[in-house]
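Listing of target_12.txt; format and content: compact mmCIF, C-alpha atoms.
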# COMPACT_ATOMS: atom_id res chain seq x y z
CA MET S 60 -61.60 -7.83 -216.08
CA PRO S 61 -63.86 -9.95 -213.82
CA GLN S 62 -63.71 -9.18 -210.11
CA ASP S 63 -63.54 -11.74 -207.35
CA LYS S 64 -66.75 -11.16 -205.36
CA ASN S 65 -65.26 -13.10 -202.44
CA ALA S 66 -62.12 -10.92 -202.23
CA ALA S 67 -63.62 -8.40 -199.78
CA PRO S 68 -64.95 -11.02 -197.32
CA ARG S 69 -61.60 -12.84 -197.46
CA SER S 70 -59.77 -9.57 -196.80
CA VAL S 71 -61.96 -8.84 -193.77
CA ALA S 72 -61.45 -12.40 -192.50
CA ARG S 73 -57.66 -12.07 -192.79
CA SER S 74 -57.77 -8.72 -191.00
CA THR S 75 -59.94 -10.17 -188.23
CA LEU S 76 -57.60 -13.13 -187.79
CA LEU S 77 -54.56 -10.84 -187.58
CA VAL S 78 -56.17 -8.61 -184.95
CA LEU S 79 -57.34 -11.52 -182.80
CA ARG S 80 -53.98 -13.30 -183.12
CA ASN S 81 -52.22 -10.20 -181.77
CA HIS S 82 -54.82 -9.48 -179.08
CA PRO S 83 -53.52 -10.06 -175.52
CA ILE S 84 -56.68 -11.94 -174.51
CA PHE S 85 -56.88 -14.25 -177.55
CA CYS S 86 -53.25 -14.58 -178.69
CA ASP S 87 -52.62 -17.93 -176.95
CA LEU S 88 -55.53 -19.75 -178.57
CA GLU S 89 -54.74 -22.70 -180.83
CA PRO S 90 -55.06 -21.92 -184.57
CA GLU S 91 -58.28 -23.93 -184.91
CA ALA S 92 -59.89 -22.12 -181.98
CA LEU S 93 -58.72 -18.77 -183.33
CA ASP S 94 -60.27 -19.57 -186.72
CA GLN S 95 -63.54 -20.46 -185.00
CA LEU S 96 -63.56 -17.22 -182.98
CA CYS S 97 -62.74 -15.27 -186.13
CA ARG S 98 -65.95 -16.55 -187.74
CA TYR S 99 -67.95 -15.18 -184.80
CA ALA S 100 -66.42 -11.68 -184.82
CA LYS S 101 -68.40 -8.93 -186.54
CA HIS S 102 -66.44 -5.85 -187.61
CA SER S 103 -67.84 -2.32 -187.38
CA THR S 104 -66.63 1.29 -187.43
CA LEU S 105 -68.00 4.22 -185.44
CA LYS S 106 -67.60 7.97 -185.58
CA ARG S 107 -66.64 9.91 -182.46
CA GLY S 108 -69.70 10.16 -180.21
CA GLY S 109 -71.38 7.08 -181.64
CA ALA S 110 -73.33 5.03 -179.08
CA ILE S 111 -72.34 1.37 -178.73
CA PHE S 112 -74.72 0.49 -175.90
CA SER S 113 -76.57 2.25 -173.08
CA LYS S 114 -77.06 1.48 -169.42
CA GLY S 115 -79.93 -0.98 -169.07
CA ASP S 116 -79.47 -2.56 -172.51
CA PRO S 117 -79.25 -6.36 -172.68
CA GLY S 118 -75.68 -7.64 -172.53
CA ASN S 119 -75.73 -9.66 -175.73
CA CYS S 120 -72.25 -8.91 -177.16
CA LEU S 121 -68.60 -8.82 -176.13
CA PHE S 122 -66.53 -6.08 -177.75
CA ALA S 123 -62.84 -5.73 -178.62
CA VAL S 124 -61.30 -2.40 -179.65
CA ILE S 125 -59.20 -2.53 -182.83
CA SER S 126 -58.39 1.18 -183.04
CA GLY S 127 -59.47 4.36 -181.28
CA THR S 128 -60.83 4.75 -177.76
CA VAL S 129 -64.16 3.78 -176.20
CA LYS S 130 -65.55 5.66 -173.19
CA ILE S 131 -67.40 3.80 -170.44
CA SER S 132 -69.51 6.28 -168.46
CA ILE S 133 -72.62 6.88 -166.40
CA SER S 134 -74.83 9.96 -166.24
CA SER S 135 -77.46 11.44 -163.94
CA ALA S 136 -80.87 12.84 -164.73
CA ASP S 137 -79.57 16.40 -164.25
CA GLY S 138 -76.92 15.96 -166.95
CA ARG S 139 -73.85 15.24 -164.83
CA SER S 140 -71.61 12.43 -166.03
CA ALA S 141 -68.70 10.37 -164.76
CA ILE S 142 -66.17 8.44 -166.83
CA LEU S 143 -65.50 5.01 -165.36
CA ASN S 144 -62.92 3.86 -167.88
CA LEU S 145 -61.35 4.55 -171.28
CA ILE S 146 -60.76 1.43 -173.38
CA SER S 147 -58.06 1.82 -176.03
CA ALA S 148 -56.85 -0.45 -178.85
CA GLY S 149 -56.32 -3.99 -177.60
CA GLY S 150 -58.91 -3.59 -174.85
CA ILE S 151 -62.05 -5.62 -174.17
CA PHE S 152 -65.32 -4.22 -172.86
CA GLY S 153 -68.86 -5.40 -172.21
CA GLU S 154 -67.60 -8.63 -170.65
CA MET S 155 -69.45 -8.32 -167.34
CA SER S 156 -72.96 -8.41 -168.81
CA VAL S 157 -71.96 -11.09 -171.29
CA LEU S 158 -70.73 -13.32 -168.46
CA ASP S 159 -73.54 -12.78 -165.94
CA GLY S 160 -76.43 -12.21 -168.36
CA GLN S 161 -77.53 -9.01 -166.62
CA ALA S 162 -78.25 -5.61 -168.19
CA ARG S 163 -75.49 -3.17 -169.06
CA SER S 164 -74.32 -1.21 -166.01
CA ALA S 165 -72.99 1.81 -167.94
CA ASP S 166 -72.94 3.53 -171.33
CA ALA S 167 -70.30 2.77 -173.98
CA THR S 168 -69.53 5.50 -176.51
CA ALA S 169 -66.90 5.97 -179.20
CA ASN S 170 -64.61 8.57 -177.65
CA THR S 171 -62.76 8.86 -180.98
CA ASN S 172 -63.35 7.36 -184.40
CA CYS S 173 -63.23 3.64 -183.64
CA GLU S 174 -63.02 0.17 -185.10
CA ILE S 175 -64.42 -2.64 -182.98
CA PHE S 176 -65.25 -6.32 -183.12
CA ALA S 177 -68.46 -7.67 -181.59
CA ILE S 178 -68.95 -11.33 -180.63
CA ASP S 179 -72.45 -12.52 -179.81
CA ARG S 180 -72.94 -13.91 -176.29
CA ARG S 181 -74.76 -17.01 -177.66
CA GLU S 182 -71.61 -17.96 -179.57
CA PHE S 183 -68.99 -16.69 -177.12
CA LEU S 184 -70.11 -18.48 -173.94
CA PRO S 185 -70.02 -22.02 -175.40
CA PHE S 186 -66.68 -21.17 -177.00
CA MET S 187 -65.20 -19.97 -173.69
CA ARG S 188 -66.41 -23.09 -171.87
CA SER S 189 -64.31 -25.12 -174.29
CA GLN S 190 -61.22 -22.95 -173.64
CA PRO S 191 -60.26 -23.04 -169.91
CA ALA S 192 -57.17 -20.87 -170.47
CA LEU S 193 -59.35 -18.18 -172.04
CA ALA S 194 -61.72 -18.34 -169.07
CA MET S 195 -58.75 -17.71 -166.76
CA LYS S 196 -57.78 -14.65 -168.80
CA PHE S 197 -61.26 -13.24 -168.34
CA ILE S 198 -61.06 -13.85 -164.60
CA GLU S 199 -57.79 -11.88 -164.60
CA LEU S 200 -59.45 -9.14 -166.65
CA LEU S 201 -62.32 -8.85 -164.17
CA CYS S 202 -59.82 -8.66 -161.29
CA THR S 203 -57.98 -5.85 -163.10
CA ARG S 204 -61.27 -4.00 -163.58
CA LEU S 205 -62.12 -4.38 -159.89
CA ARG S 206 -58.71 -3.06 -158.80
CA TRP S 207 -59.05 -0.10 -161.18
CA THR S 208 -62.50 0.72 -159.78
CA SER S 209 -61.29 0.33 -156.18
CA ASP S 210 -58.43 2.75 -156.85
CA GLN S 211 -60.85 5.28 -158.35
CA VAL S 212 -63.24 5.06 -155.41
CA GLU S 213 -60.40 5.32 -152.90
CA GLN S 214 -58.97 8.43 -154.55
CA ILE S 215 -62.33 10.17 -154.91
CA ILE S 216 -63.26 9.55 -151.27
CA LEU S 217 -59.91 9.97 -149.53
CA GLN S 218 -57.68 12.21 -151.63
CA ASN S 219 -57.60 15.91 -152.40
CA LEU S 220 -57.47 17.22 -155.96
CA PRO S 221 -53.67 17.09 -156.51
CA GLY S 222 -53.40 13.49 -155.30
CA ARG S 223 -56.55 12.46 -157.15
CA LEU S 224 -55.45 14.00 -160.44
CA ALA S 225 -51.87 12.74 -160.13
CA GLY S 226 -53.14 9.23 -159.41
CA ALA S 227 -55.43 9.32 -162.45
CA LEU S 228 -52.57 10.36 -164.73
CA ILE S 229 -50.30 7.64 -163.35
CA ARG S 230 -52.99 4.98 -163.75
CA LEU S 231 -53.67 6.02 -167.35
CA THR S 232 -50.00 5.82 -168.31
CA GLU S 233 -49.68 2.41 -166.64
CA LYS S 234 -52.91 1.05 -168.12
CA ASP S 235 -51.87 1.90 -171.68
CA LYS S 236 -48.26 0.80 -170.98
CA LEU S 237 -46.92 4.10 -172.26
CA ALA S 238 -43.15 4.30 -172.64
CA PRO S 239 -41.24 6.85 -170.51
CA ALA S 240 -40.38 8.88 -173.61
CA GLY S 241 -43.93 8.96 -174.91
CA ARG S 242 -46.41 9.31 -172.08
CA THR S 243 -49.04 11.09 -174.14
CA ILE S 244 -52.53 10.50 -172.76
CA ALA S 245 -55.23 11.18 -175.36
CA ILE S 246 -57.75 12.76 -173.02
CA THR S 247 -59.35 16.19 -172.72
CA GLN S 248 -59.45 18.18 -169.50
CA GLN S 249 -63.24 17.81 -169.45
CA GLU S 250 -62.91 14.02 -169.68
CA ILE S 251 -60.36 13.78 -166.91
CA SER S 252 -62.53 16.06 -164.75
CA GLU S 253 -65.32 13.49 -165.19
CA MET S 254 -62.92 10.75 -164.12
CA VAL S 255 -61.77 12.38 -160.88
CA GLY S 256 -64.99 14.14 -159.91
CA MET S 257 -63.79 17.77 -160.05
CA THR S 258 -64.64 20.75 -162.23
CA ARG S 259 -62.79 21.37 -165.48
CA GLU S 260 -61.67 24.75 -164.13
CA SER S 261 -60.00 23.12 -161.11
CA ILE S 262 -58.34 20.54 -163.36
CA ASN S 263 -57.04 23.25 -165.70
CA LYS S 264 -55.64 25.30 -162.80
CA GLN S 265 -53.82 22.29 -161.35
CA LEU S 266 -52.43 21.14 -164.70
CA ARG S 267 -51.10 24.63 -165.45
CA VAL S 268 -49.22 24.62 -162.14
CA TRP S 269 -47.66 21.30 -163.06
CA ALA S 270 -46.91 22.47 -166.60
CA ALA S 271 -44.96 25.42 -165.15
CA ARG S 272 -42.90 22.89 -163.16
CA ASN S 273 -42.32 20.77 -166.31
CA TRP S 274 -44.15 17.80 -164.85
CA VAL S 275 -46.67 17.76 -167.71
CA ARG S 276 -47.22 19.42 -171.07
CA LEU S 277 -50.71 20.39 -172.22
CA GLU S 278 -51.67 19.71 -175.82
CA HIS S 279 -54.93 19.94 -177.72
CA GLY S 280 -56.95 16.92 -176.61
CA ALA S 281 -54.02 15.38 -174.76
CA ILE S 282 -51.80 15.56 -171.68
CA VAL S 283 -48.12 14.61 -171.94
CA VAL S 284 -46.62 13.34 -168.68
CA LEU S 285 -43.00 14.54 -168.53
CA ASP S 286 -42.03 13.57 -164.98
CA THR S 287 -43.81 10.78 -163.14
CA VAL S 288 -41.75 10.96 -159.95
CA PRO S 289 -43.43 14.02 -158.34
CA LEU S 290 -46.84 12.89 -159.59
CA GLN S 291 -46.33 9.47 -158.03
CA ALA S 292 -45.30 11.15 -154.76
CA LEU S 293 -48.49 13.24 -154.76
CA ALA S 294 -50.63 10.20 -155.51
CA GLU S 295 -49.05 8.21 -152.69
CA ALA S 296 -49.25 11.11 -150.22
CA GLY S 297 -53.05 11.11 -150.64
CA SER S 298 -54.99 13.31 -148.25
CA GLU S 299 -51.85 14.49 -146.48
CA ASN S 300 -51.07 16.79 -149.42
CA GLU S 301 -53.15 19.95 -149.17
CA GLY S 302 -51.33 22.37 -151.47
CA ILE S 303 -50.99 22.55 -155.24
Can you give me the file's structure in the form of structure tokens?
Amino acid sequence: MPQDKNAAPRSVARSTLLVLRNHPIFCDLEPEALDQLCRYAKHSTLKRGGAIFSKGDPGNCLFAVISGTVKISISSADGRSAILNLISAGGIFGEMSVLDGQARSADATANTNCEIFAIDRREFLPFMRSQPALAMKFIELLCTRLRWTSDQVEQIILQNLPGRLAGALIRLTEKDKLAPAGRTIAITQQEISEMVGMTRESINKQLRVWAARNWVRLEHGAIVVLDTVPLQALAEAGSENEGI
């Protein structure tokens, strides 16, 4: 029985269109514009740990996460690293360098097995200029990124460990819009230690105290937030809270 050689490309095109149509950034585009953007999007899959780009690379693509989680991080010459953000399904990353034409400011790595779309800067910028509403969404995205970064800096500078860790957990549940009954954050203790700037041992000690109080539950590769009220109180108390 003869096979349709165009079936696979058509299947990928339909999948791309479905993902972009449901994406919070692109969902309001007119059908013709969505079709055009779909032709620009290049699909790829990565294994956990796969490098997407490195700090200093040219910013020639915008990326959208279809499934999995992408880690945005920086590292020092002596091997220390800090996680700036975790981008989950539905998220966009790499937009800053695409918009300003400067080099990448951080590393992007597949934190889990991932599917992503890449859109070349040479095609995306003219497209965005023709879509003012899309440009506004990217302005809103950049503002969200700036607020997230400001919160991180504030907590690292001004808060003690309990407030810093509690704030990070609250921000992660809010960022991923996790429902009250399912606040499972797919993050390891090592990763969250790199987000809040403390050792893994300190993070583990604090989380175990909270687990004993039924505020959180520790799972392999994840933290389940059971009670946000005391965590929110710790985050808001900031540097005034000295105990665990």
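Around Val212 in chain S, within 12 Å and counting all atoms listed in the file, the residues found are S:Leu143, S:Leu205, S:Arg206, S:Trp207, S:Thr208, S:Ser209, S:Ile215, S:Ile216, S:Leu217, S:Gln218, S:Arg223, S:Gly226, S:Ala227, S:Met254, S:Val255, S:Gly256, once anything fewer than 3 positions away on its own chain is removed.
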Notebook entry, point to check: With all atoms listed in the file as the basis for distance, which of S:Ile111, S:Ala92, S:Leu201, S:Ile246 is at the shortest distance from Glu154 in chain S?
Noted result: S:Leu201
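Among the candidates S:Pro191, S:Ile125, S:Leu145, S:Phe197, the one nearest to Asn81 in chain S when counting all atoms listed in the file is S:Ile125.
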Margin query: Residues near Ala100 in chain S, anyone? I mean within 8 Å using all atoms listed in the file, not counting same-chain ones fewer than 6 positions away, as a list in words.
Written below: Thr75, Phe176, Ala177, Ile178 and Asp179 of chain S
Next item on the list: May I ask for the distance between CA of Met187 in chain S and CA of Asp166 in chain S, given in Å to one decimal place?
Entry: 24.9 Å
Given 5 Å on each side, where is the centre and what are the edge lengths in Å to one decimal of the axis-aligned box enclosing the listed atoms of range 214-221 of chain S, as AutoDock Vina command-line options?
--center_x -58.5 --center_y 12.8 --center_z -153.0 --size_x 19.6 --size_y 18.8 --size_z 17.0
Next item on the list: Excluding range 228-230 of chain S and residues on its chain fewer than 5 positions from it, collect all residues at most 9 Å away from it, counting only C-alpha atoms, and give them as a count of residues only.
Entry: 11
Item checked: Gln95 in chain S environment, 12 Å, all atoms listed in the file, sequence neighbours closer than 5 positions dropped, as a PyMOL selection string -> chain S and resi 72+75-76+79+85+88-90+100+178+182-183+185-187+189-190
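When only C-alpha atoms are used to compute distances to Leu277 in chain S, the closest of the residues S:Ile262, S:Leu77, S:Ala167, S:Ala192 turns out to be S:Ile262.
Here CA of Gln248 in chain S is placed at a distance of 26.7 Å from CA of Arg163 in chain S.
You can rank S:Gln211, S:Leu193, S:Arg180, S:Lys114 by their closest distance to Ser135 in chain S using only C-alpha atoms, and at the top of that list sits S:Lys114.
Between CA of Ser147 in chain S and CA of Arg107 in chain S the interatomic distance comes to 13.4 Å.
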Item checked: Distance query Ala165 in chain S at most 10 Å, all atoms listed in the file, self and fewer than 2 positions along chain excluded, as a count of residues only -> 17
Notebook entry, point to check: Between S:Lys101, S:Arg188, S:Arg80, S:Arg139, which is the closest to Met257 in chain S once you count all atoms listed in the file?
Noted result: S:Arg139
Mind listing as a short mmCIF file (atom, residue, chain, number, x, y, z; two decimals) with C-alpha atoms, in the coordinates of the input all residues within 9 Å of (-71.5, -11.0, -172.3), counting all atoms listed in the file?
data_model
loop_
_atom_site.label_atom_id
_atom_site.label_comp_id
_atom_site.auth_asym_id
_atom_site.auth_seq_id
_atom_site.Cartn_x
_atom_site.Cartn_y
_atom_site.Cartn_z
CA GLY S 118 -75.68 -7.64 -172.53
CA ASN S 119 -75.73 -9.66 -175.73
CA CYS S 120 -72.25 -8.91 -177.16
CA LEU S 121 -68.60 -8.82 -176.13
CA PHE S 122 -66.53 -6.08 -177.75
CA GLY S 153 -68.86 -5.40 -172.21
CA GLU S 154 -67.60 -8.63 -170.65
CA MET S 155 -69.45 -8.32 -167.34
CA SER S 156 -72.96 -8.41 -168.81
CA VAL S 157 -71.96 -11.09 -171.29
CA LEU S 158 -70.73 -13.32 -168.46
CA ASP S 159 -73.54 -12.78 -165.94
CA GLY S 160 -76.43 -12.21 -168.36
CA GLN S 161 -77.53 -9.01 -166.62
CA ILE S 178 -68.95 -11.33 -180.63
CA ASP S 179 -72.45 -12.52 -179.81
CA ARG S 180 -72.94 -13.91 -176.29
CA ARG S 181 -74.76 -17.01 -177.66
CA PHE S 183 -68.99 -16.69 -177.12
CA LEU S 184 -70.11 -18.48 -173.94
#
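Comparing the minimum interatomic distances between Gly109 in chain S and each of S:Ala225, S:Cys173, S:Leu96, S:Leu266, counting all atoms listed in the file, we find that S:Cys173 sits nearest.
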